[in-house]
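Quick look at query_18.cif (mmCIF, C-alpha atoms):
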data_upload
loop_
_atom_site.label_atom_id
_atom_site.label_comp_id
_atom_site.auth_asym_id
_atom_site.auth_seq_id
_atom_site.Cartn_x
_atom_site.Cartn_y
_atom_site.Cartn_z
CA MET W 16 -171.22 99.09 -47.76
CA GLY W 17 -174.12 100.52 -45.79
CA TYR W 18 -173.92 97.68 -43.27
CA LEU W 19 -170.22 98.36 -42.76
CA VAL W 20 -170.84 102.06 -42.23
CA ILE W 21 -173.47 101.22 -39.60
CA LYS W 22 -171.09 98.86 -37.79
CA LEU W 23 -168.15 101.27 -37.85
CA THR W 24 -168.17 104.14 -35.40
CA TYR W 25 -166.21 106.75 -37.30
CA ILE W 26 -168.86 107.49 -39.94
CA PRO W 27 -172.44 108.44 -38.91
CA LYS W 28 -174.99 105.62 -38.91
CA VAL W 29 -177.47 107.78 -40.85
CA ILE W 30 -175.18 107.59 -43.88
CA GLY W 31 -175.12 103.79 -43.56
CA ILE W 32 -178.93 103.66 -43.50
CA LEU W 33 -179.12 105.88 -46.58
CA LEU W 34 -176.62 103.63 -48.37
CA ILE W 35 -178.77 100.57 -47.58
CA VAL W 36 -181.83 102.37 -48.96
CA THR W 37 -179.79 103.25 -52.05
CA CYS W 38 -178.84 99.59 -52.50
CA LEU W 39 -182.45 98.50 -52.19
CA GLY W 40 -183.48 101.11 -54.77
CA TYR W 41 -180.94 99.79 -57.27
CA LEU W 42 -182.03 96.22 -56.55
CA VAL W 43 -185.70 97.07 -57.18
CA ASP W 44 -184.78 98.88 -60.41
CA PHE W 45 -182.82 95.85 -61.59
CA LEU W 46 -185.59 93.38 -60.78
CA VAL W 47 -188.33 95.52 -62.32
CA PHE W 48 -186.27 96.03 -65.48
CA PHE W 49 -185.86 92.28 -66.02
CA LEU W 50 -189.12 90.92 -64.61
CA ILE W 51 -191.51 93.57 -65.96
CA PRO W 52 -189.91 95.09 -69.06
CA GLY W 53 -191.24 98.44 -70.17
CA THR W 54 -192.35 99.53 -66.71
CA PRO W 55 -191.27 103.12 -66.08
CA VAL W 56 -190.35 102.57 -62.40
CA ILE W 57 -187.01 104.16 -61.60
CA LEU W 58 -186.25 104.36 -57.88
CA SER W 59 -182.55 105.01 -58.30
CA GLU W 60 -183.30 108.65 -59.12
CA TYR W 61 -184.45 109.10 -55.52
CA THR W 62 -181.64 107.17 -53.86
CA LEU W 63 -178.87 109.50 -54.97
CA PRO W 64 -178.66 111.43 -51.65
CA GLY W 65 -177.14 108.44 -49.84
CA GLU W 66 -174.21 108.22 -52.22
CA VAL W 67 -173.71 111.98 -52.43
CA LEU W 68 -173.83 112.35 -48.65
CA MET W 69 -171.21 109.62 -48.20
CA VAL W 70 -168.85 111.29 -50.68
CA LEU W 71 -169.41 114.74 -49.17
CA TRP W 72 -168.88 113.42 -45.64
CA LEU W 73 -165.56 111.86 -46.61
CA LEU W 74 -164.42 114.93 -48.54
CA ILE W 75 -165.46 117.58 -46.01
CA LYS W 76 -165.47 115.93 -42.61
CA GLY W 77 -163.33 112.90 -43.24
CA VAL W 78 -162.88 110.06 -40.82
CA ASN W 79 -162.62 110.67 -37.08
CA ILE W 80 -158.94 109.80 -36.63
CA LYS W 81 -159.18 109.17 -32.88
CA LYS W 82 -162.01 106.68 -33.30
CA PHE W 83 -160.29 105.08 -36.29
CA ASP W 84 -157.03 104.64 -34.38
CA LYS W 85 -158.94 103.14 -31.43
CA TRP W 86 -160.76 100.74 -33.77
CA GLN W 87 -157.51 99.78 -35.47
CA GLU W 88 -155.84 99.16 -32.11
CA ASP W 89 -158.78 97.00 -30.97
CA GLN W 90 -158.59 94.96 -34.17
CA CYS W 91 -154.85 94.35 -33.70
CA LEU W 92 -155.39 93.26 -30.10
CA MET W 93 -158.19 90.94 -31.15
CA LEU W 94 -155.98 89.35 -33.81
CA LEU W 95 -153.16 88.92 -31.31
CA ARG W 96 -155.49 87.25 -28.81
CA HIS W 97 -156.77 84.83 -31.45
CA SER W 98 -153.30 83.99 -32.71
CA PHE W 99 -152.04 83.01 -29.24
CA THR W 100 -155.01 80.91 -28.15
CA ASP W 101 -154.56 77.18 -27.81
CA PRO W 102 -156.15 75.49 -30.87
CA ALA W 103 -156.66 72.27 -28.89
CA LYS W 104 -159.33 73.89 -26.72
#
Would you mind writing the file out in structure tokens?
Amino acid sequence: MGYLVIKLTYIPKVIGILLIVTCLGYLVDFLVFFLIPGTPVILSEYTLPGEVLMVLWLLIKGVNIKKFDKWQEDQCLMLLRHSFTDPAK
């Protein structure tokens, strides 16, 4: 989800980076739990701000409607261009 947030323009890229860090924290916790049982390493406690910031951004600020509409229009145009291209080329 962090990669998608970085690629999209209507949510700040900082939130996407924090979501990627959150994902990596959960991945490290998972690997440490199974590869080195009994190790008290818990990174997911420190990765919470990425998730909380994403939820707060969507609740308070929301999505920039103008940018979303522009993105949606661009996607429709791109689909139309691909659907009318000659498949023999």
- What is the distance, in Å and to one decimal place, between CA of Trp86 in chain W and CA of Tyr18 in chain W?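 So the answer is 16.5 Å.
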- Task: Run the PyMOL selection byres ((chain W and resi 71-77) around 12) on the file and write out the hits as a PyMOL selection string.
- Result: chain W and resi 20+25-31+64-70+78-83
- Note on the structure: Students should find that CA of Tyr61 in chain W and CA of Met16 in chain W are spaced 18.3 Å
Axis-aligned box for all listed atoms of range 69-77 of chain W, 6 Å per side, centre and edges in Å to one decimal, as JSON:
{"center_x": -167.3, "center_y": 113.6, "center_z": -46.6, "size_x": 19.9, "size_y": 20.0, "size_z": 20.1}
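Note that the spacing between CA of Pro52 in chain W and CA of Val36 in chain W amounts to 22.9 Å.
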- Message: With distances taken over all atoms listed in the file, which residue among W:Leu33, W:Val43, W:Leu50, W:Leu23 lies nearest Gln87 in chain W?
- Response: W:Leu23
- Surrounding residues of Asp44 in chain W excluding itself and chain neighbours under 6 positions, 12 Å, all atoms listed in the file, as a list in words: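 Listed by chain and then number, they are Thr37, Cys38, Leu50, Ile51, Pro52, Gly53, Thr54, Pro55, Val56, Ile57, Leu58, Ser59, Glu60, Tyr61 and Thr62 of chain W.
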Take range 82-94 of chain W, model N, CA and C atoms, and hand the result over as a compact mmCIF listing (two decimals), in the coordinates of the input.
# COMPACT_ATOMS: atom_id res chain seq x y z
N LYS W 82 -161.20 107.90 -33.32
CA LYS W 82 -162.01 106.68 -33.30
C LYS W 82 -161.43 105.62 -34.22
N PHE W 83 -160.89 106.04 -35.37
CA PHE W 83 -160.29 105.08 -36.29
C PHE W 83 -159.07 104.42 -35.66
N ASP W 84 -158.21 105.20 -35.03
CA ASP W 84 -157.03 104.64 -34.38
C ASP W 84 -157.42 103.68 -33.26
N LYS W 85 -158.46 104.03 -32.49
CA LYS W 85 -158.94 103.14 -31.43
C LYS W 85 -159.46 101.84 -32.03
N TRP W 86 -160.22 101.93 -33.10
CA TRP W 86 -160.76 100.74 -33.77
C TRP W 86 -159.62 99.88 -34.30
N GLN W 87 -158.64 100.51 -34.91
CA GLN W 87 -157.51 99.78 -35.47
C GLN W 87 -156.71 99.08 -34.36
N GLU W 88 -156.54 99.75 -33.25
CA GLU W 88 -155.84 99.16 -32.11
C GLU W 88 -156.62 97.96 -31.55
N ASP W 89 -157.94 98.11 -31.45
CA ASP W 89 -158.78 97.00 -30.97
C ASP W 89 -158.70 95.80 -31.90
N GLN W 90 -158.67 96.06 -33.21
CA GLN W 90 -158.59 94.96 -34.17
C GLN W 90 -157.25 94.23 -34.05
N CYS W 91 -156.17 94.98 -33.86
CA CYS W 91 -154.85 94.35 -33.70
C CYS W 91 -154.81 93.50 -32.44
N LEU W 92 -155.36 94.03 -31.35
CA LEU W 92 -155.39 93.26 -30.10
C LEU W 92 -156.22 92.00 -30.24
N MET W 93 -157.34 92.10 -30.95
CA MET W 93 -158.19 90.94 -31.15
C MET W 93 -157.45 89.88 -31.97
N LEU W 94 -156.74 90.30 -33.00
CA LEU W 94 -155.98 89.35 -33.81
C LEU W 94 -154.87 88.70 -33.00
